[in-house]
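Reproduced below: run29.txt, with compact mmCIF, C-alpha atoms.
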```
# COMPACT_ATOMS: atom_id res chain seq x y z
CA MET A 36 -20.41 7.22 21.34
CA GLY A 37 -20.20 4.03 19.30
CA GLU A 38 -21.13 5.96 16.19
CA LEU A 39 -18.29 8.42 16.77
CA ALA A 40 -15.77 5.60 17.27
CA ALA A 41 -16.94 3.85 14.10
CA PHE A 42 -16.74 7.13 12.19
CA ILE A 43 -13.18 7.82 13.37
CA ILE A 44 -11.99 4.27 12.55
CA LEU A 45 -13.60 4.26 9.09
CA SER A 46 -12.29 7.73 8.24
CA ALA A 47 -8.80 6.71 9.37
CA ILE A 48 -8.91 3.59 7.15
CA THR A 49 -10.14 5.65 4.20
CA LEU A 50 -7.65 8.50 4.52
CA VAL A 51 -4.58 6.40 5.41
CA SER A 52 -5.07 4.05 2.47
CA ALA A 53 -5.82 7.04 0.21
CA VAL A 54 -2.46 8.52 1.26
CA VAL A 55 -0.82 5.20 0.28
CA VAL A 56 -2.65 5.36 -3.08
CA VAL A 57 -1.36 8.81 -3.94
CA THR A 58 2.20 8.51 -2.58
CA SER A 59 3.31 4.91 -3.19
CA ARG A 60 6.07 4.48 -5.76
CA ASN A 61 4.83 0.96 -6.54
CA ILE A 62 1.88 1.37 -8.89
CA VAL A 63 0.44 -2.07 -8.04
CA ARG A 64 0.47 -1.17 -4.35
CA SER A 65 -1.39 2.05 -5.17
CA ALA A 66 -4.04 0.09 -7.06
CA LEU A 67 -4.46 -2.47 -4.25
CA SER A 68 -4.70 0.31 -1.64
CA LEU A 69 -7.76 1.54 -3.48
CA VAL A 70 -9.63 -1.48 -2.05
CA PRO A 71 -9.42 -0.44 1.66
CA THR A 72 -10.20 3.14 0.62
CA PHE A 73 -13.40 2.01 -1.09
CA PHE A 74 -14.32 -0.24 1.83
CA GLY A 75 -13.83 2.67 4.24
CA VAL A 76 -16.15 4.80 2.10
CA THR A 77 -18.61 1.89 2.11
CA GLY A 78 -18.56 1.92 5.91
CA LEU A 79 -19.25 5.66 5.89
CA TYR A 80 -22.27 5.02 3.64
CA ILE A 81 -23.56 2.41 6.09
CA LEU A 82 -23.12 4.93 8.94
CA LEU A 83 -25.19 7.35 6.84
CA GLN A 84 -27.96 4.69 6.44
CA ALA A 85 -27.38 4.29 2.69
CA GLU A 86 -27.26 0.49 2.50
CA PHE A 87 -28.05 0.22 -1.21
CA VAL A 88 -25.36 2.74 -2.18
CA ALA A 89 -22.93 0.83 0.04
CA GLY A 90 -23.68 -2.45 -1.74
CA ILE A 91 -23.27 -0.85 -5.17
CA GLN A 92 -20.01 0.74 -4.00
CA VAL A 93 -18.57 -2.66 -3.06
CA LEU A 94 -19.73 -4.28 -6.30
CA ILE A 95 -18.61 -1.58 -8.74
CA TYR A 96 -15.66 0.15 -7.09
CA ALA A 97 -14.01 -2.51 -4.96
CA GLY A 98 -14.93 -5.27 -7.39
CA ALA A 99 -14.94 -3.99 -10.95
CA ILE A 100 -12.92 -0.78 -11.17
CA THR A 101 -9.97 -2.05 -9.11
CA VAL A 102 -9.74 -5.21 -11.25
CA LEU A 103 -9.94 -3.09 -14.42
CA ILE A 104 -7.12 -0.84 -13.19
CA LEU A 105 -4.96 -3.86 -12.27
CA PHE A 106 -5.53 -5.36 -15.74
CA VAL A 107 -4.47 -2.15 -17.46
CA ILE A 108 -1.34 -1.89 -15.28
CA MET A 109 -0.54 -5.50 -16.21
CA LEU A 110 -1.11 -4.91 -19.94
CA THR A 111 0.83 -1.65 -20.25
CA GLU A 112 3.91 -1.11 -18.13
CA GLY A 113 4.83 -4.75 -17.53
CA GLY A 114 5.90 -4.35 -13.91
CA THR A 115 5.46 -2.41 -10.73
CA GLY A 116 7.06 0.74 -12.11
CA LEU A 117 9.59 0.81 -9.26
CA ARG A 118 12.50 1.62 -11.58
CA VAL A 119 10.64 4.53 -13.19
CA ARG A 120 10.15 7.98 -11.72
CA GLN A 121 6.48 8.14 -10.72
CA THR A 122 6.07 11.85 -10.03
CA ASN A 123 6.73 14.85 -12.24
CA GLU A 124 8.62 17.98 -11.24
CA GLN A 125 5.48 19.69 -9.86
CA VAL A 126 5.39 17.87 -6.50
CA PRO A 127 5.92 20.96 -4.24
CA LEU A 128 3.39 22.97 -6.24
CA SER A 129 0.92 20.09 -6.12
CA ILE A 130 1.27 19.77 -2.35
CA LEU A 131 0.77 23.53 -2.04
CA ALA A 132 -2.32 23.48 -4.28
CA ALA A 133 -3.89 20.53 -2.45
CA ALA A 134 -3.16 22.08 0.96
CA VAL A 135 -4.62 25.47 -0.06
CA VAL A 136 -7.77 23.81 -1.41
CA ALA A 137 -8.08 21.71 1.77
CA VAL A 138 -7.69 24.73 4.09
CA LEU A 139 -10.18 26.79 2.06
CA LEU A 140 -12.75 23.99 1.89
CA ILE A 141 -12.53 23.11 5.58
CA GLY A 142 -12.65 26.78 6.57
CA VAL A 143 -15.77 27.37 4.51
CA LEU A 144 -17.40 24.13 5.69
CA ALA A 145 -16.77 24.92 9.35
CA GLN A 146 -18.27 28.41 9.10
CA THR A 147 -21.36 27.72 7.00
CA PRO A 148 -24.55 27.21 9.01
CA TRP A 149 -26.14 24.21 7.29
CA PRO A 150 -29.90 23.79 7.48
CA ARG A 151 -30.91 20.86 9.67
CA ALA A 152 -33.81 18.63 8.77
CA THR A 153 -36.27 17.70 11.49
CA GLU A 154 -37.46 14.40 9.99
CA SER A 155 -35.24 11.35 9.53
CA LEU A 156 -34.54 8.83 6.77
CA PRO A 157 -36.89 5.86 6.32
CA GLN A 158 -35.65 2.65 7.90
CA TYR A 159 -34.87 0.95 4.57
CA THR A 160 -33.93 3.24 1.71
CA ALA A 161 -33.59 0.73 -1.16
CA SER A 162 -37.30 0.60 -2.02
CA GLY A 163 -37.51 4.39 -1.94
CA ILE A 164 -34.54 4.65 -4.33
CA GLY A 165 -36.18 2.19 -6.74
CA GLU A 166 -39.44 4.10 -6.64
CA ALA A 167 -37.73 7.46 -7.22
CA LEU A 168 -35.70 6.05 -10.14
CA LEU A 169 -38.81 4.82 -11.91
CA THR A 170 -41.14 7.77 -11.18
CA ASN A 171 -39.70 11.25 -10.63
CA LEU A 172 -36.18 10.59 -11.84
CA VAL A 173 -36.92 8.26 -14.75
CA LEU A 174 -35.27 10.67 -17.21
CA VAL A 175 -32.02 10.50 -15.20
CA PHE A 176 -32.24 6.71 -15.27
CA GLU A 177 -32.76 6.55 -19.04
CA VAL A 178 -30.03 9.08 -19.87
CA THR A 179 -27.60 7.23 -17.59
CA SER A 180 -28.29 3.96 -19.39
CA LEU A 181 -27.70 5.69 -22.74
CA VAL A 182 -24.38 7.11 -21.46
CA LEU A 183 -23.40 3.64 -20.26
CA LEU A 184 -24.12 2.15 -23.71
CA VAL A 185 -22.16 4.87 -25.53
CA ALA A 186 -19.22 4.54 -23.12
CA LEU A 187 -19.21 0.77 -23.65
CA MET A 188 -19.06 1.11 -27.44
CA GLY A 189 -16.50 3.91 -27.23
CA ALA A 190 -14.21 1.89 -24.96
CA ILE A 191 -14.36 -1.10 -27.34
CA ILE A 192 -13.62 1.04 -30.41
CA VAL A 193 -10.80 3.01 -28.76
CA ALA A 194 -9.07 -0.05 -27.30
CA ARG A 195 -9.49 -2.25 -30.39
CA ARG A 196 -6.31 -3.12 -32.25
CA GLU A 197 -6.18 -1.42 -35.65
CA ARG A 198 -5.74 -3.71 -38.63
CA MET B 280 -20.24 14.20 20.91
CA GLN B 281 -22.54 13.42 17.98
CA VAL B 282 -21.23 12.79 14.47
CA GLY B 283 -22.59 15.66 12.42
CA LEU B 284 -22.71 16.79 8.83
CA THR B 285 -19.47 18.79 9.13
CA HIS B 286 -17.46 15.68 10.08
CA TYR B 287 -18.40 13.89 6.88
CA LEU B 288 -17.78 17.02 4.81
CA VAL B 289 -14.29 17.43 6.29
CA VAL B 290 -13.36 13.78 5.57
CA SER B 291 -14.61 14.15 2.02
CA ALA B 292 -12.69 17.44 1.56
CA LEU B 293 -9.47 15.69 2.66
CA LEU B 294 -10.15 12.76 0.31
CA PHE B 295 -10.79 15.23 -2.53
CA CYS B 296 -7.49 17.01 -1.89
CA LEU B 297 -5.57 13.70 -1.89
CA GLY B 298 -7.11 12.93 -5.28
CA LEU B 299 -6.19 16.42 -6.50
CA TYR B 300 -2.59 15.87 -5.40
CA ALA B 301 -2.46 12.55 -7.28
CA MET B 302 -3.87 14.19 -10.40
CA LEU B 303 -1.36 17.04 -10.35
CA SER B 304 1.81 15.17 -9.43
CA ARG B 305 1.63 11.65 -10.94
CA ARG B 306 3.22 10.79 -14.29
CA ASN B 307 1.45 7.47 -14.85
CA ALA B 308 -1.94 7.92 -16.52
CA VAL B 309 -3.42 5.01 -14.53
CA ALA B 310 -2.41 6.72 -11.25
CA ILE B 311 -4.10 9.92 -12.45
CA LEU B 312 -7.29 7.92 -13.05
CA MET B 313 -7.01 6.55 -9.50
CA GLY B 314 -6.88 10.16 -8.25
CA ILE B 315 -10.04 10.95 -10.20
CA GLU B 316 -11.77 7.94 -8.61
CA LEU B 317 -10.83 9.27 -5.15
CA MET B 318 -12.31 12.67 -6.01
CA LEU B 319 -15.55 11.10 -7.25
CA ASN B 320 -15.79 9.09 -4.03
CA ALA B 321 -15.41 12.32 -2.05
CA SER B 322 -18.31 13.88 -3.97
CA ASN B 323 -20.42 10.79 -3.30
CA ILE B 324 -19.79 11.03 0.45
CA ASN B 325 -20.99 14.64 0.27
CA LEU B 326 -24.17 13.72 -1.61
CA VAL B 327 -25.12 10.91 0.78
CA ALA B 328 -24.30 13.01 3.87
CA PHE B 329 -26.40 15.94 2.66
CA ASN B 330 -29.20 13.48 1.90
CA LYS B 331 -29.21 12.26 5.49
CA TYR B 332 -28.73 15.53 7.33
CA VAL B 333 -30.41 18.19 5.15
CA ALA B 334 -33.14 16.57 3.01
CA PRO B 335 -33.94 13.06 4.28
CA ALA B 336 -37.46 12.96 2.85
CA ALA B 337 -36.53 12.89 -0.84
CA LEU B 338 -33.67 10.33 -1.23
CA ASN B 339 -32.45 12.35 -4.21
CA GLY B 340 -28.91 12.50 -2.86
CA GLN B 341 -28.58 8.72 -2.81
CA VAL B 342 -29.97 8.47 -6.35
CA PHE B 343 -27.44 11.07 -7.50
CA ALA B 344 -24.67 9.09 -5.76
CA LEU B 345 -25.72 6.01 -7.74
CA VAL B 346 -25.64 8.03 -10.98
CA VAL B 347 -22.17 9.32 -10.12
CA ILE B 348 -20.99 5.74 -9.47
CA THR B 349 -22.33 4.70 -12.89
CA LEU B 350 -20.63 7.61 -14.63
CA ALA B 351 -17.40 6.86 -12.75
CA ALA B 352 -17.52 3.33 -14.14
CA CYS B 353 -18.01 4.76 -17.66
CA GLU B 354 -15.15 7.19 -17.11
CA ALA B 355 -12.84 4.43 -15.88
CA GLY B 356 -13.68 2.22 -18.86
CA VAL B 357 -13.15 4.93 -21.49
CA GLY B 358 -10.10 6.38 -19.71
CA LEU B 359 -8.36 3.02 -19.40
CA ALA B 360 -9.17 2.26 -23.07
CA LEU B 361 -7.48 5.57 -23.98
CA VAL B 362 -4.45 4.57 -21.87
CA MET B 363 -4.29 1.26 -23.76
CA ALA B 364 -4.51 3.05 -27.13
CA ALA B 365 -1.83 5.56 -26.13
CA TYR B 366 0.45 2.77 -24.95
CA ARG B 367 -0.02 0.88 -28.20
CA ASN B 368 0.75 3.89 -30.40
CA LEU B 369 3.32 5.81 -28.34
CA GLU B 370 4.74 3.03 -26.12
CA THR B 371 4.43 5.04 -22.92
CA VAL B 372 1.79 5.65 -20.25
CA HIS B 373 3.59 8.65 -18.75
CA VAL B 374 1.59 11.75 -19.51
CA ASP B 375 4.60 14.10 -19.59
CA GLU B 376 6.12 12.06 -22.43
CA ILE B 377 2.93 12.13 -24.51
CA ASN B 378 3.47 15.47 -26.29
CA VAL B 379 2.88 14.77 -29.96
CA MET B 380 0.28 17.56 -30.13
CA LYS B 381 2.54 20.08 -28.41
CA TRP B 382 3.96 22.95 -30.46
```

Could the structure of this file be written out as structure tokens, please?
Amino acid sequence: MGELAAFIILSAITLVSAVVVVTSRNIVRSALSLVPTFFGVTGLYILLQAEFVAGIQVLIYAGAITVLILFVIMLTEGGTGLRVRQTNEQVPLSILAAAVVAVLLIGVLAQTPWPRATESLPQYTASGIGEALLTNLVLVFEVTSLVLLVALMGAIIVARRER
Amino acid sequence: MQVGLTHYLVVSALLFCLGLYAMLSRRNAVAILMGIELMLNASNINLVAFNKYVAPAALNGQVFALVVITLAACEAGVGLALVMAAYRNLETVHVDEINVMKW
């Protein structure tokens, strides 16, 4: 019962602030509404017993990416964008497309019989994740670090001022 | 009533569709990137939920969620650098005004 209540509250926080993100005319308000969205998703991770993923979510999304987005808003438009039209002329079509995708997805999800596992997760998952990253999935780990390095250099080169 | 796999999948489908709406309807490139972040978060909820309810022995879903978070950080960094470069050269961040490659 408590789990259900926590799930409903966290989903409501996530979805309501996501609606503010996508509909607000003030671009700074959209960026700041990302923070409660990411915290709601963090709560869902904790409900799903993924404590390590939850911690990384807070550090990277709520900490780093939101600050990066706010910096770029500050460096480009020079304001909240309230005097500028924020949506293009495709709003009705976009609502239609999003609604059709939502109805299709939820219909398919509700009808599919998912396999259910009999065992349960270990009590603490962080050590298991570390072991998997350095044994079976070490290639994924290495390739991800290479992608991170290349993205870092690419971002510096693209954003550098030309002389 | 227990919270099951379908509940999490429905929440993540709704979050994905909100991100899709932001991507299709926003003019500001930074707002489009915010929509992409919402969609990546939705996929992460799916991965972690499937990890718990379908294959809890392997922890692969949580590792994939961490990889997706890393790639989302890369994508945000490169995407925002492109926005900065476009603003410097074209003096706009509105994607419907950036049409120098259009016929």

Selected residue, from B:Val362, B:Leu369, B:Thr349, B:Ile377, that lies nearest to Thr179 (chain A) when counting all atoms listed in the file:
B:Thr349

One decimal, in Å: what's the spacing between CA of Phe74 (chain A) and CA of Val54 (chain A)?
14.8 Å

Please, what distance in Å, to one decimal, runs between CA of Met318 (chain B) and CA of Ile192 (chain A)?
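If I compute the distance from CA of Met318 (chain B) to CA of Ile192 (chain A), I get 27.1 Å.
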
Restricting the calculation to only C-alpha atoms, which member of A:Ala85, A:Gln121, A:Tyr96, A:Pro71 is positioned closest to Asn339 (chain B)?
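Smallest separation from Asn339 (chain B) among the options: A:Ala85.
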
Closest to Leu361 (chain B) among B:Gly314, B:Glu376, B:Tyr332, B:Ala308, using only C-alpha atoms?
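Between B:Gly314, B:Glu376, B:Tyr332, B:Ala308, the residue approaching Leu361 (chain B) most closely is B:Ala308.
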
Write out as a PyMOL selection string each polymer residue whose atoms come within 12 Å of Met188 (chain A), counting all atoms listed in the file; drop sequence neighbours fewer than 4 positions from it.
(chain A and resi 181-184+192-195) or (chain B and resi 353+356-357+360)

Quote the spacing between CA of Ala97 (chain A) and CA of Ile43 (chain A) in Å to one decimal place.
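A separation of 21.1 Å between them.
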
Of the candidates B:Asn330, B:Met313, B:Leu303, B:Arg367, which one gets nearest to Glu354 (chain B) if we count only C-alpha atoms?
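Closest candidate: B:Met313.
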
A:Pro150, A:Leu82, A:Val102, A:Val63 ranked by distance to chain B, top pick (using all atoms listed in the file)
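Ranking A:Pro150, A:Leu82, A:Val102, A:Val63 by distance to chain B, first place goes to A:Pro150.
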
Dig up all the protein and nucleic acid residues within 10 Å of (-30.9, 1.6, 6.7) in the file frame, using only C-alpha atoms, and format them as a ChimeraX atom specification.
/A:80-87,156-161

Okay, now the selection with C-alpha atoms, as a PDB file, in the frame of the given file?
```pdb
ATOM      1  CA  TYR A  80     -22.270   5.020   3.640  1.00  0.00           C
ATOM      2  CA  ILE A  81     -23.560   2.410   6.090  1.00  0.00           C
ATOM      3  CA  LEU A  82     -23.120   4.930   8.940  1.00  0.00           C
ATOM      4  CA  LEU A  83     -25.190   7.350   6.840  1.00  0.00           C
ATOM      5  CA  GLN A  84     -27.960   4.690   6.440  1.00  0.00           C
ATOM      6  CA  ALA A  85     -27.380   4.290   2.690  1.00  0.00           C
ATOM      7  CA  GLU A  86     -27.260   0.490   2.500  1.00  0.00           C
ATOM      8  CA  PHE A  87     -28.050   0.220  -1.210  1.00  0.00           C
ATOM      9  CA  LEU A 156     -34.540   8.830   6.770  1.00  0.00           C
ATOM     10  CA  PRO A 157     -36.890   5.860   6.320  1.00  0.00           C
ATOM     11  CA  GLN A 158     -35.650   2.650   7.900  1.00  0.00           C
ATOM     12  CA  TYR A 159     -34.870   0.950   4.570  1.00  0.00           C
ATOM     13  CA  THR A 160     -33.930   3.240   1.710  1.00  0.00           C
ATOM     14  CA  ALA A 161     -33.590   0.730  -1.160  1.00  0.00           C
TER      15      ALA A 161
END
```

Residues within 12 Å of (-21.2, 15.4, -5.9), file coordinates, counting all atoms listed in the file: what are they? Give the list as a PyMOL selection string.
chain B and resi 288+291-292+295+318-330+339-348+350-351

I need the residue nearest Val374 (chain B) from this list: A:Ser129, A:Thr122, A:Ser180, A:Ser162. Use all atoms listed in the file for the distance.
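Using all atoms listed in the file, Val374 (chain B) sits closest to A:Thr122.
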
Near Thr371 (chain B), counting all atoms listed in the file, which residues have an atom at most 12 Å away, once you skip same-chain residues fewer than 3 positions from it, shown as a PyMOL selection string?
(chain A and resi 108+110-113+116+119) or (chain B and resi 306-309+361-368+374-378)

Region 107-190 of chain A dumped to file, C-alpha atoms, as a compact mmCIF listing (two decimals), in the first residue's frame:
```txt
# COMPACT_ATOMS: atom_id res chain seq x y z
CA VAL A 107 23.58 27.91 -22.63
CA ILE A 108 20.25 29.73 -22.22
CA MET A 109 22.12 32.53 -20.46
CA LEU A 110 24.83 32.73 -23.15
CA THR A 111 22.55 32.64 -26.19
CA GLU A 112 19.15 34.28 -26.01
CA GLY A 113 19.88 36.80 -23.27
CA GLY A 114 16.54 36.52 -21.49
CA THR A 115 13.62 34.30 -20.70
CA GLY A 116 12.32 34.27 -24.27
CA LEU A 117 8.91 35.54 -23.14
CA ARG A 118 8.66 38.05 -25.99
CA VAL A 119 9.48 35.43 -28.62
CA ARG A 120 7.12 32.81 -30.01
CA GLN A 121 8.28 29.51 -28.51
CA THR A 122 6.32 27.03 -30.61
CA ASN A 123 6.20 26.53 -34.35
CA GLU A 124 3.06 26.13 -36.44
CA GLN A 125 2.96 22.33 -35.94
CA VAL A 126 1.42 22.35 -32.44
CA PRO A 127 -1.88 20.55 -33.32
CA LEU A 128 -0.02 17.96 -35.39
CA SER A 129 2.51 17.47 -32.60
CA ILE A 130 -0.23 16.95 -30.03
CA LEU A 131 -1.89 14.46 -32.38
CA ALA A 132 1.38 12.58 -32.98
CA ALA A 133 2.24 12.41 -29.27
CA ALA A 134 -1.30 11.28 -28.37
CA VAL A 135 -1.32 8.58 -31.06
CA VAL A 136 2.06 7.26 -29.93
CA ALA A 137 0.90 7.31 -26.28
CA VAL A 138 -2.33 5.41 -27.04
CA LEU A 139 -0.50 2.84 -29.17
CA LEU A 140 2.26 2.30 -26.61
CA ILE A 141 -0.10 1.99 -23.64
CA GLY A 142 -2.42 -0.32 -25.59
CA VAL A 143 0.45 -2.61 -26.53
CA LEU A 144 1.94 -2.51 -23.01
CA ALA A 145 -1.37 -3.37 -21.37
CA GLN A 146 -1.99 -6.37 -23.64
CA THR A 147 1.47 -7.94 -23.69
CA PRO A 148 1.95 -10.77 -21.18
CA TRP A 149 5.39 -10.00 -19.73
CA PRO A 150 7.44 -12.86 -18.32
CA ARG A 151 7.73 -12.68 -14.54
CA ALA A 152 10.93 -13.60 -12.77
CA THR A 153 10.71 -15.80 -9.69
CA GLU A 154 13.91 -14.62 -7.99
CA SER A 155 14.45 -11.07 -6.70
CA LEU A 156 17.19 -8.46 -6.87
CA PRO A 157 20.11 -8.65 -4.42
CA GLN A 158 19.78 -6.35 -1.42
CA TYR A 159 22.52 -3.96 -2.57
CA THR A 160 23.03 -3.68 -6.31
CA ALA A 161 26.05 -1.32 -6.46
CA SER A 162 28.69 -4.01 -5.95
CA GLY A 163 27.02 -6.23 -8.55
CA ILE A 164 27.04 -3.35 -11.06
CA GLY A 165 30.75 -2.73 -10.44
CA GLU A 166 31.55 -6.41 -10.88
CA ALA A 167 29.53 -6.66 -14.11
CA LEU A 168 31.18 -3.52 -15.53
CA LEU A 169 34.66 -4.92 -14.97
CA THR A 170 34.03 -8.55 -16.00
CA ASN A 171 31.30 -9.39 -18.51
CA LEU A 172 30.60 -5.88 -19.75
CA VAL A 173 34.13 -4.48 -19.77
CA LEU A 174 33.92 -3.80 -23.52
CA VAL A 175 30.83 -1.61 -22.96
CA PHE A 176 32.72 0.25 -20.23
CA GLU A 177 35.77 0.89 -22.43
CA VAL A 178 33.77 1.96 -25.49
CA THR A 179 31.68 4.31 -23.33
CA SER A 180 34.82 5.96 -21.97
CA LEU A 181 36.13 6.39 -25.54
CA VAL A 182 32.81 7.98 -26.60
CA LEU A 183 33.01 10.30 -23.60
CA LEU A 184 36.53 11.41 -24.58
CA VAL A 185 35.56 12.01 -28.21
CA ALA A 186 32.43 13.93 -27.20
CA LEU A 187 34.50 16.08 -24.85
CA MET A 188 36.99 17.00 -27.58
CA GLY A 189 34.21 17.52 -30.13
CA ALA A 190 32.28 19.86 -27.81
```
